[in-house]
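S.K.: Starting off with a structure, shown below.
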Amino acid sequence: MSSGPAYNDEKGSSLGEPEYGHDPASGGIFSSDYKRHDDLKEMLDSNKDSLKLEAMKRIVAMIARGKNASELFPAVVKNVACKNIEVKKLVYVYLVRYAEEQQDLALLSISTFQRGLKDPNQLIRAGALRVLSSIRVTIIVPIMMLAIKEAASDMSPYVRKTAAHAIPKLYSLDLDQKDQLIEVIEKLLADKTTLVAGSVVMAFEEVCPERIDLIHKNYRKLCNLLIDVEEWGQVVIINMLTRYARTQFLNPNHNEILLEENPEKGFYGTDEEDSKQEEADAVVLPKRKPYVMDPDHRLLLRNTKPLLQSRNAAVVMAVAQLYFHLAPKAEVGVIAKALVRLLRSHSEVQFVVLQNVASMSIKRRGMFEPHLKSFYIRSTDPTQIKVLKLEVLTNLASETNISTILREFQTYIKSQDKDFVAATIQAIGRCATNIDEVRDTCLNGLVQLLSNRDELVVAESVVVIKKLLQMQPAQHSDIIRHMAKLIDNIMVPMARASILWLIGEYCEHVPKIAPDVLRKMAKSFTSEEDIVKLQIINLAAKLYLTNSKQTKLLTQYVLNLAKYDQNYDIRDRARFIRQLIVPTEKSGVLNKYAKKLFLAQKPPPVLESSFKDRDHFQLGSLSHLLNSKASGYQELPDWPEAAPDPSVRNVEVPEWTKPSSREKRKEKVEKPFYSESEGESEPTESADSESPTTSESEESAGGLESESASESEEEESEEEGKSERQQKKKKKKGQKEKSKHGDESEDSGHSEGEDKEKNQKEEESSSSSPSSSEESSSENSSSESEPEENSDSDPGKKHKKKSIAKLPSGSLKAKQKEISLLDLDDFSGPSVPPTTPSPNTFSKSLNLDLQGLSLSNSNLPSEMSSPSLGRVKTYELLHRLTGEGLSVRYHFNRRPFSPDQAMVSVQMQFTNNSDMDIRHLHVNEPKLHSGMRMQGFKEIDVLQPGDVASETMGIDFCDSTQAANFQLCSQTRQFYMSIQPPVGELMMPIFMTENSFKKEQEQLLNTSTGKLMGMNEINEKLTLTEQCRSDQAIVQRVMSTANLGRVPCGQSDEYRFAARTVSGGALVLITLVTKDNGAAQLTVNCEKMVIGTMMAKEIVETLTQ
């Protein structure tokens, strides 16, 4: 550093001034010169905002570097009313830091802060509230309360977040405001934005953690928002929900605990007792209901699981403790891998994680056994990390892995870190205590350590051997003799005391050596440590009782020495033992029982982990780390005996959320690819994926990315609302249902009949007057294409979808029919070259648009049901080397998946490159994110060498680009697969006129209660490449990026496309306007912000590459 506190007053003038003149924030501030900061004060007093801004930047930099800038408070506070927003922001940052120290000066500007609360800029409003709450003066409590209440209703979520931060500050200043603050907290808990959620839960924890009734209505919302809350907010919410769940749900492991306890009750009983026990069990067991997890309990576990992949160690640790305290025993194992990943982090993180792993590994040892090698100790680990890893390894030791662990321990004993070596020896002793099979091996190894040159190693070994010998003393008398010989060499008090205790306790095994040891100890009694002196007295007493002939005089000598020792404990012990073992007239009957008192059989010590009883503290808390209750710690509640009422978490659906009759009519048109079976399939999903309220689904769909659970709710409520309309349509659908069961020839015949009718209609429309030709043709196309696209009652659409869905596994005839539908000769427009067919591509001019609309009748249905004929991009799923001869490729064929219209159709191609048959290829164990579904392909019985098989599978990605993971299994192997869709493949094209396209956009801008209320608009400016400025190139590139439908456009420089997402039916409108020199403006309108943003990004990349 260029300067520091070492620069005293004398050096300040010589070393401080040059730097002060250059930069006041870099070192000269330690000078005692009275002119210090004068230039900053002049800059703050100037009339130029640029100078003020520069001064504030320097001052804030000083604060960031830990320098004291409190002397500048008067000069800074004068600028609180500055009109420059940037200056005002920095002034507020400064005031937050020093307002508590300079309260009087800060109070002078309180009116300015109140004006700042009304500022149009949200950052200024938030900054003013932050400064106001930093002034710790009780006189302004009413003003602060009013400001917090107003900020809690602010339009900006950032200001509401700041209000939540101010609540604990006000509460600590005046506890009497608790009731009013709880009202504000209740209001903020109902906030639907992720920015506020974490802060208000923190305020809830500080002010009223006992008021769990405030959480009931917001529980499901908090669970659904959790994935999008900022990291530290996630930690607070997860810890709060852990305690909430312990009060509201039943223990998922309760039945397992009972089953573990029951066998022990009648184990030693007689036959009569056993029969009585069975009768009692027969009465009790029927009353015990099988455990069924509450859907809200499952919701919490499911929504926190993805956070195990968080980059923030605190979030991972919070989820781990939640699973440990709340999850069923069979599901807790998922946290092990995430915790092991954290062990690659900094040593501070490792320390906290290992503390918690040590506690977990006592009760759930099997969870970490697969990761045993991750706890091996590195030479670079700090001592505290080494000791904790030793603790975990000892907890994980079992009959199967003890040989591996002991080999590791042998290496650790050679370490230069003496504390670590001592801990290793203790760990060996614990392993020997817990596992009988290796006790002798460990004991022999520890005896060998007695010849070690290091006295500390020998001393620790003696202490551990003493504990092990208590278990089988008769078998190891030779070890006791060996240790007695070490008494002259070992100087560590604890080790000497342990040897003396062993000799005294088992003196009958070494009758010749024990008296001699007492003789040596009597010689050095006065120079020994207190702990050794006590054991010498005990040894003398025991030998007096067992071998008084040889040791009577020695015992009297030792007791006389102890009688005058400086330590009163030793004096008391000597008097007590003298009265107990030496019979006199005054001594009572106790001396008769002296032998029983001193030489009673003592139970062997149980070597337990120091972490055994720590789990009553919540894992991850400071109290757990310190193993004592810290200030502010909240106890983890016990599980309830009976489940509380789950209806308290139900939220009433407001009337305004129900769809109007106008919206219901629109749904008819705007639900193109949904079949009747979808409504029937949704309720069959597990209770885990259900979210009971519509209001929550609207919250999550309003600006969050957790749409999967909410959209299924909306669709269910919409379908209930449409039940009457569906009943009226049953008669019309009768013909469609019959046609579904017909063969392909009937399908094609039926579609040809419809094509003829359409031809006649188009001819009539073309015979109208030229002035109305444009309008009539556009209306005709909309009247014909929209019902076919959007109405479920048209049988022709069903026939074509069915024939196309059968194409991959169908016959050659079906393929020929497909090609004939897309026959390129029918296209008379010159803008469509025969080499790159694109039926969705319309010509640029209006005449060609009309020609495109009056093409032969087979073209339009084929456009609806077939993919965009751009370049089909294939992806490699399994390489032939990895798959041992089996290679798998896939592509998105952009056709509706006939079994379920809400699924994306994925075409898979299997090739057998080996010289052996591959049998029974099928999909197994799909591991999907919440709400996603998968329908695998039909099992391939045999794939012979050189054969290629093609199959189609459907995946409901829930309008997200998250990967679908599954296993591809053959008779002999399993391969883990992952399919991740591009955002453009999550759509199906729809066709509309230019007027209806514009109408949908206008509803977004002008209608506040319309269907597209939540739709977002993304605008991007771009420059087209030279190769991408022709109509054909633009259309082809856009439609190769996404599965879109082209909308006819009257302007020569505009291109419009429309589609709906396959799963949720969200509308996607894309407009591209070209300008001079290749400049262009891209506009994407989409109900879902994430899809719209990703779509815009992909199209820009395609057009600019």
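Naming works like this for the structure tokens: A, B, ... for the chains as they're shown, residue 1 at the start of each chain, ligands 1 onward in shown order.
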Report as a PyMOL selection string all protein, DNA and RNA residues lying within 10 Å of Ser621 in chain A, evaluated on only C-alpha atoms, omitting residues in the same chain fewer than 2 positions from it.

M.R.: chain A and resi 239+317-318+321+352+356+617-619+623-627+629-630+633-634

S.K.: Find the residues near Leu449 in chain A: any atom within 10 Å, counting only C-alpha atoms, skip ones fewer than 4 places away on the same chain, and give them as a PyMOL selection string.

M.R.: chain A and resi 413+425+443-445+453-454+457-462

S.K.: Extract the full set of helix (DSSP H, G or I) residues from range 226-461 of chain A according to DSSP on the backbone, and format it as a ChimeraX atom specification.

M.R.: /A:226-228,231-248,254-265,271-287,295-309,313-326,329-331,334-342,347-363,365-375,383-396,402-412,418-434,436-449,455-461

S.K.: Using only C-alpha atoms, which of the listed residues (A:Leu173, A:Asp915, A:Gly127, A:Ala643) sits closest to Ile139 in chain A?

M.R.: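 Of A:Leu173, A:Asp915, A:Gly127, A:Ala643, the one nearest Ile139 in chain A, counting only C-alpha atoms, is A:Leu173.
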
S.K.: Go through A:Arg889, A:Arg1056, A:Arg58, A:Lys999 one by one, measure the shortest atom-to-atom distance of each to Thr1071 in chain A using only C-alpha atoms, and give the residue with the smallest value.

M.R.: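 Looking at the shortest contact to Thr1071 in chain A, the residue is A:Arg1056.
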